[in-house]
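Participant: Sending over a structure as structure tokens; questions will come in a sec.
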Amino acid sequence: MWAFSDESERSGVMLFAVAIIDPGDVDSARRKLRALLLAGQRRVHTAKEAPRRRRALLDTVGAIDGLSVTVLRYRRPPGTDRTAGRHLLLQAGAGLVIGSGVTSWLLDDQDQAQRVRDRASIAHALAGIDRQLHPVYDHRPSRSEPLLWAADAACWAAGAGADWKERLSPVLDVRSIGP
């Protein structure tokens with residue numbers, strides 16, 4: 001299994017998506033997602049799309065064969081910064097990835113400092129786990145991997161709620177985590 005992750009935040013609620021797909025379904029999923037690009041567009045970013053395009057994106061993601069997405073939801077208590085919140089989300093995400101038998105995990109690339117913190121959080125989560133169960137993980141810019149758009153769409157929909165979240169109901173599971 002392969003996993004793709006992105007994050008979002010709304011009003012102190014951090015969302016972290018882990019989209020898991022069978023490697024045999026990856027090429028088809030990428031084609032379906034790339035078909036949504038408009039002329040000159042390098043990636044699809046749900047928050048920046050018009051409602052009609054969001055519906056099309058969410059409907060496409062919800063119909064991808066072999067895809068399941070878990071969005072981890074964390075409400076940051078007062079005094080907890082984003083770095084600490086992301087650490088908790090990555091710890092929970094790593095547990096989900098290991099438990100799902102994921103062999104390759106790709107995270108959306110933000111910046112060098114974030115990559116360093118993410119790698120430390122993931123290494124901490126994997127400490128003590130048999131090395132044969134460790135996934136290979138890396139960061140890539142979302143423009144280079146359409147399945148990161150699916151993770152982004154799931155975060156956005158989970159945060160937006162209502163009909164938006166319902167469009168992904170065939171593939172979406174939202175779980176709250178705490179410190």
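Just so we're on the same page: first chain in the structure tokens is A, next is B, and so on; residues restart at 1 for each chain, and ligands are numbered from 1 in the order they show up.
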Residues of chain A in strand (DSSP E or B) according to DSSP, as number ranges by chain?
Facilitator: A: 2-10, 13-21, 67-75, 104-108, 136-140, 172-176
Participant: Keeping only N, CA and C atoms, take the residues you just selected and write them out as a short mmCIF file (atom, residue, chain, number, x, y, z; two decimals), in the first residue's frame.
Facilitator:
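Printed below is selection_13.cif as written:
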data_model
loop_
_atom_site.label_atom_id
_atom_site.label_comp_id
_atom_site.auth_asym_id
_atom_site.auth_seq_id
_atom_site.Cartn_x
_atom_site.Cartn_y
_atom_site.Cartn_z
N TRP A 2 0.38 2.30 -0.62
CA TRP A 2 1.06 3.59 -0.65
C TRP A 2 0.18 4.61 0.06
N ALA A 3 0.81 5.62 0.68
CA ALA A 3 0.07 6.66 1.38
C ALA A 3 0.54 8.04 0.92
N PHE A 4 -0.39 8.99 0.97
CA PHE A 4 -0.14 10.37 0.58
C PHE A 4 -0.79 11.26 1.63
N SER A 5 -0.05 12.27 2.12
CA SER A 5 -0.58 13.09 3.21
C SER A 5 -0.45 14.58 2.94
N ASP A 6 -1.45 15.29 3.42
CA ASP A 6 -1.47 16.75 3.39
C ASP A 6 -2.17 17.21 4.65
N GLU A 7 -2.06 18.49 4.95
CA GLU A 7 -2.67 19.03 6.15
C GLU A 7 -3.41 20.33 5.85
N SER A 8 -4.25 20.72 6.80
CA SER A 8 -5.01 21.95 6.70
C SER A 8 -5.32 22.40 8.13
N GLU A 9 -5.71 23.64 8.27
CA GLU A 9 -6.13 24.12 9.59
C GLU A 9 -7.26 25.12 9.42
N ARG A 10 -8.26 25.01 10.31
CA ARG A 10 -9.40 25.93 10.33
C ARG A 10 -9.73 26.25 11.77
N VAL A 13 -8.42 24.12 14.51
CA VAL A 13 -8.56 22.68 14.32
C VAL A 13 -7.60 22.27 13.18
N MET A 14 -6.65 21.42 13.54
CA MET A 14 -5.69 20.93 12.56
C MET A 14 -6.21 19.63 11.96
N LEU A 15 -6.07 19.49 10.66
CA LEU A 15 -6.53 18.31 9.94
C LEU A 15 -5.34 17.73 9.18
N PHE A 16 -5.18 16.42 9.27
CA PHE A 16 -4.07 15.74 8.61
C PHE A 16 -4.63 14.51 7.91
N ALA A 17 -4.53 14.49 6.59
CA ALA A 17 -5.08 13.38 5.80
C ALA A 17 -4.02 12.35 5.48
N VAL A 18 -4.41 11.09 5.59
CA VAL A 18 -3.59 9.97 5.14
C VAL A 18 -4.44 9.22 4.11
N ALA A 19 -4.11 9.43 2.84
CA ALA A 19 -4.82 8.76 1.74
C ALA A 19 -4.03 7.51 1.39
N ILE A 20 -4.68 6.36 1.50
CA ILE A 20 -4.02 5.07 1.27
C ILE A 20 -4.64 4.42 0.04
N ILE A 21 -3.74 3.92 -0.82
CA ILE A 21 -4.20 3.31 -2.07
C ILE A 21 -3.30 2.14 -2.44
N LEU A 67 -9.03 3.54 -3.03
CA LEU A 67 -8.61 4.65 -2.17
C LEU A 67 -9.40 4.67 -0.87
N SER A 68 -8.71 4.89 0.23
CA SER A 68 -9.36 5.18 1.51
C SER A 68 -8.58 6.33 2.14
N VAL A 69 -9.31 7.25 2.76
CA VAL A 69 -8.67 8.41 3.35
C VAL A 69 -9.13 8.56 4.79
N THR A 70 -8.16 8.65 5.67
CA THR A 70 -8.46 8.97 7.07
C THR A 70 -7.96 10.37 7.33
N VAL A 71 -8.83 11.21 7.85
CA VAL A 71 -8.43 12.56 8.25
C VAL A 71 -8.39 12.57 9.77
N LEU A 72 -7.21 12.88 10.28
CA LEU A 72 -7.01 13.00 11.71
C LEU A 72 -7.27 14.45 12.10
N ARG A 73 -8.11 14.63 13.10
CA ARG A 73 -8.57 15.96 13.51
C ARG A 73 -8.05 16.25 14.91
N TYR A 74 -7.40 17.40 15.09
CA TYR A 74 -6.85 17.77 16.39
C TYR A 74 -7.20 19.24 16.69
N ARG A 75 -7.97 19.44 17.75
CA ARG A 75 -8.28 20.81 18.18
C ARG A 75 -7.17 21.26 19.11
N SER A 104 5.21 2.89 1.19
CA SER A 104 5.70 4.16 0.66
C SER A 104 4.74 5.27 1.10
N TRP A 105 5.30 6.32 1.72
CA TRP A 105 4.50 7.42 2.28
C TRP A 105 5.06 8.73 1.76
N LEU A 106 4.23 9.49 1.05
CA LEU A 106 4.64 10.76 0.48
C LEU A 106 3.86 11.88 1.16
N LEU A 107 4.58 12.87 1.67
CA LEU A 107 3.96 14.01 2.35
C LEU A 107 4.15 15.26 1.51
N ASP A 108 3.18 16.17 1.61
CA ASP A 108 3.27 17.44 0.89
C ASP A 108 4.44 18.24 1.44
N VAL A 136 9.03 3.65 3.46
CA VAL A 136 9.91 4.66 2.91
C VAL A 136 9.06 5.93 2.86
N TYR A 137 9.57 7.05 3.35
CA TYR A 137 8.78 8.28 3.31
C TYR A 137 9.62 9.44 2.79
N ASP A 138 8.93 10.38 2.18
CA ASP A 138 9.60 11.52 1.58
C ASP A 138 8.59 12.67 1.46
N HIS A 139 9.08 13.83 1.13
CA HIS A 139 8.26 15.02 0.88
C HIS A 139 8.40 15.40 -0.59
N ARG A 140 7.30 15.82 -1.20
CA ARG A 140 7.32 16.29 -2.59
C ARG A 140 6.35 17.48 -2.70
N LEU A 172 -14.01 8.30 2.99
CA LEU A 172 -13.51 9.16 4.08
C LEU A 172 -13.89 8.66 5.46
N ASP A 173 -12.91 8.70 6.35
CA ASP A 173 -13.10 8.43 7.78
C ASP A 173 -12.42 9.58 8.52
N VAL A 174 -13.14 10.26 9.41
CA VAL A 174 -12.57 11.36 10.19
C VAL A 174 -12.46 10.89 11.64
N ARG A 175 -11.27 11.03 12.20
CA ARG A 175 -11.01 10.61 13.58
C ARG A 175 -10.41 11.77 14.37
N SER A 176 -10.95 12.01 15.53
CA SER A 176 -10.38 13.04 16.41
C SER A 176 -9.28 12.42 17.26
#
Participant: Set the distance at 10 Å and use only C-alpha atoms: which residues neighbour Gly24 of chain A once local chain neighbours fewer than 3 positions away are removed? I'd like the list as number ranges by chain.
Facilitator: A: 1-2, 21, 27-29, 65-66
Participant: Residues as selected, N, CA and C atoms, written as a PDB file, in the first residue's frame, can you do that?
Facilitator:
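Writing the result to again.pdb gives the following:
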ATOM      1  N   MET A   1       0.841  -1.177   0.000  1.00  0.00           N
ATOM      2  CA  MET A   1       0.000   0.000   0.000  1.00  0.00           C
ATOM      3  C   MET A   1       0.891   1.247   0.000  1.00  0.00           C
ATOM      4  N   TRP A   2       0.377   2.303  -0.624  1.00  0.00           N
ATOM      5  CA  TRP A   2       1.063   3.587  -0.655  1.00  0.00           C
ATOM      6  C   TRP A   2       0.184   4.610   0.065  1.00  0.00           C
ATOM      7  N   ILE A  21      -3.743   3.920  -0.824  1.00  0.00           N
ATOM      8  CA  ILE A  21      -4.199   3.314  -2.074  1.00  0.00           C
ATOM      9  C   ILE A  21      -3.300   2.142  -2.436  1.00  0.00           C
ATOM     10  N   ASP A  27      -1.787   4.595 -10.910  1.00  0.00           N
ATOM     11  CA  ASP A  27      -1.735   5.218 -12.240  1.00  0.00           C
ATOM     12  C   ASP A  27      -3.106   5.714 -12.683  1.00  0.00           C
ATOM     13  N   SER A  28      -4.124   4.898 -12.491  1.00  0.00           N
ATOM     14  CA  SER A  28      -5.482   5.294 -12.862  1.00  0.00           C
ATOM     15  C   SER A  28      -5.934   6.508 -12.053  1.00  0.00           C
ATOM     16  N   ALA A  29      -5.638   6.497 -10.766  1.00  0.00           N
ATOM     17  CA  ALA A  29      -6.019   7.630  -9.907  1.00  0.00           C
ATOM     18  C   ALA A  29      -5.319   8.908 -10.359  1.00  0.00           C
ATOM     19  N   ASP A  65     -10.869   4.098  -7.363  1.00  0.00           N
ATOM     20  CA  ASP A  65     -10.780   2.694  -6.957  1.00  0.00           C
ATOM     21  C   ASP A  65      -9.622   2.483  -5.989  1.00  0.00           C
ATOM     22  N   GLY A  66      -9.880   1.714  -4.947  1.00  0.00           N
ATOM     23  CA  GLY A  66      -8.827   1.317  -4.019  1.00  0.00           C
ATOM     24  C   GLY A  66      -8.360   2.384  -3.062  1.00  0.00           C
TER      25      GLY A  66
END
Participant: Of the candidates A:Thr46, A:Leu90, A:Trp164, A:Asp22, which one gets nearest to Thr103 of chain A if we count only C-alpha atoms?
Facilitator: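 Nearest candidate to Thr103 of chain A out of A:Thr46, A:Leu90, A:Trp164, A:Asp22: A:Asp22.
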Participant: May I have the residues within 9 Å of Ile122 of chain A as a list in words, using only C-alpha atoms and disregarding those fewer than 3 positions away in the same chain?
Facilitator: His87, Leu90, Gln91, Gly93, Ala94, Arg117, Asp118, Arg119, Ala125, Leu126, Ala127 and Tyr137 of chain A
Participant: Please produce a file of the residues just selected, as a PDB file, in the first residue's frame, where the atoms kept are N, CA and C atoms.
Facilitator:
ATOM      1  N   HIS A  87       3.236  17.573  15.286  1.00  0.00           N
ATOM      2  CA  HIS A  87       3.953  16.417  15.827  1.00  0.00           C
ATOM      3  C   HIS A  87       2.959  15.330  16.258  1.00  0.00           C
ATOM      4  N   LEU A  90       1.408  13.743  13.135  1.00  0.00           N
ATOM      5  CA  LEU A  90       2.345  12.850  12.450  1.00  0.00           C
ATOM      6  C   LEU A  90       2.522  11.545  13.217  1.00  0.00           C
ATOM      7  N   GLN A  91       2.548  11.619  14.536  1.00  0.00           N
ATOM      8  CA  GLN A  91       2.650  10.406  15.343  1.00  0.00           C
ATOM      9  C   GLN A  91       1.454   9.499  15.061  1.00  0.00           C
ATOM     10  N   GLY A  93      -0.529   9.657  12.441  1.00  0.00           N
ATOM     11  CA  GLY A  93      -0.470   9.271  11.030  1.00  0.00           C
ATOM     12  C   GLY A  93       0.498   8.120  10.802  1.00  0.00           C
ATOM     13  N   ALA A  94       1.639   8.161  11.471  1.00  0.00           N
ATOM     14  CA  ALA A  94       2.616   7.076  11.333  1.00  0.00           C
ATOM     15  C   ALA A  94       2.031   5.767  11.852  1.00  0.00           C
ATOM     16  N   ARG A 117      11.493  18.784  10.803  1.00  0.00           N
ATOM     17  CA  ARG A 117      10.621  18.467  11.952  1.00  0.00           C
ATOM     18  C   ARG A 117       9.791  17.218  11.676  1.00  0.00           C
ATOM     19  N   ASP A 118       9.248  17.106  10.456  1.00  0.00           N
ATOM     20  CA  ASP A 118       8.448  15.932  10.104  1.00  0.00           C
ATOM     21  C   ASP A 118       9.280  14.655  10.211  1.00  0.00           C
ATOM     22  N   ARG A 119      10.481  14.670   9.671  1.00  0.00           N
ATOM     23  CA  ARG A 119      11.328  13.477   9.711  1.00  0.00           C
ATOM     24  C   ARG A 119      11.632  13.076  11.158  1.00  0.00           C
ATOM     25  N   ALA A 125       8.088   8.255  15.985  1.00  0.00           N
ATOM     26  CA  ALA A 125       6.922   7.359  15.949  1.00  0.00           C
ATOM     27  C   ALA A 125       7.315   5.933  15.561  1.00  0.00           C
ATOM     28  N   LEU A 126       8.338   5.800  14.726  1.00  0.00           N
ATOM     29  CA  LEU A 126       8.747   4.479  14.243  1.00  0.00           C
ATOM     30  C   LEU A 126       9.766   3.800  15.162  1.00  0.00           C
ATOM     31  N   ALA A 127      10.296   4.546  16.135  1.00  0.00           N
ATOM     32  CA  ALA A 127      11.282   3.960  17.056  1.00  0.00           C
ATOM     33  C   ALA A 127      10.665   2.764  17.773  1.00  0.00           C
ATOM     34  N   TYR A 137       9.572   7.053   3.348  1.00  0.00           N
ATOM     35  CA  TYR A 137       8.784   8.283   3.311  1.00  0.00           C
ATOM     36  C   TYR A 137       9.624   9.439   2.791  1.00  0.00           C
TER      37      TYR A 137
END
Participant: Which one of A:Arg54, A:Lys32, A:Arg42, A:Lys165 sits closest to Pro141 of chain A if you count only C-alpha atoms?
Facilitator: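 Closest candidate: A:Arg42.
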Participant: As an exercise, work out the distance from atom CA of Arg86 of chain A to atom CA of Lys48 of chain A in Å and give it to one decimal place.
Facilitator: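 Taking atom CA of Arg86 of chain A and atom CA of Lys48 of chain A, their separation equals 22.8 Å.
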Participant: Counting only C-alpha atoms, which of A:Arg143, A:Asp25, A:Gly95, A:Gly161 gets nearest to Ala63 of chain A?
Facilitator: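 Ranked by minimum distance to Ala63 of chain A, first place goes to A:Asp25.
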Participant: Quick one: of A:Leu89, A:Val61, A:Leu148, A:Leu96, who's nearest to Ser169 of chain A, counting only C-alpha atoms?
Facilitator: A:Val61
Participant: Would you list, as number ranges by chain, the residues of segment 34-128 of chain A that end up in helix (DSSP H, G or I) under DSSP run on this structure's backbone?
Facilitator: A: 34, 46-48, 51-62, 82-99, 112-126
Participant: Just how far from atom CA of Arg131 of chain A is atom CA of Gln112 of chain A, in Å to one decimal?
Facilitator: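 Interatomic distance, atom CA of Gln112 of chain A to atom CA of Arg131 of chain A: 25.4 Å.
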Participant: Using only C-alpha atoms, which of A:Gly12, A:Leu33, A:Ser121, A:Gln114 sits nearest Gly62 of chain A?
Facilitator: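 The shortest atom-to-atom distance to Gly62 of chain A comes from A:Leu33.
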Participant: Interatomic distance between atom CA of Ala157 of chain A and atom CA of Ser11 of chain A?
Facilitator: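 Spanning atom CA of Ala157 of chain A to atom CA of Ser11 of chain A is a straight-line distance of 14.6 Å.
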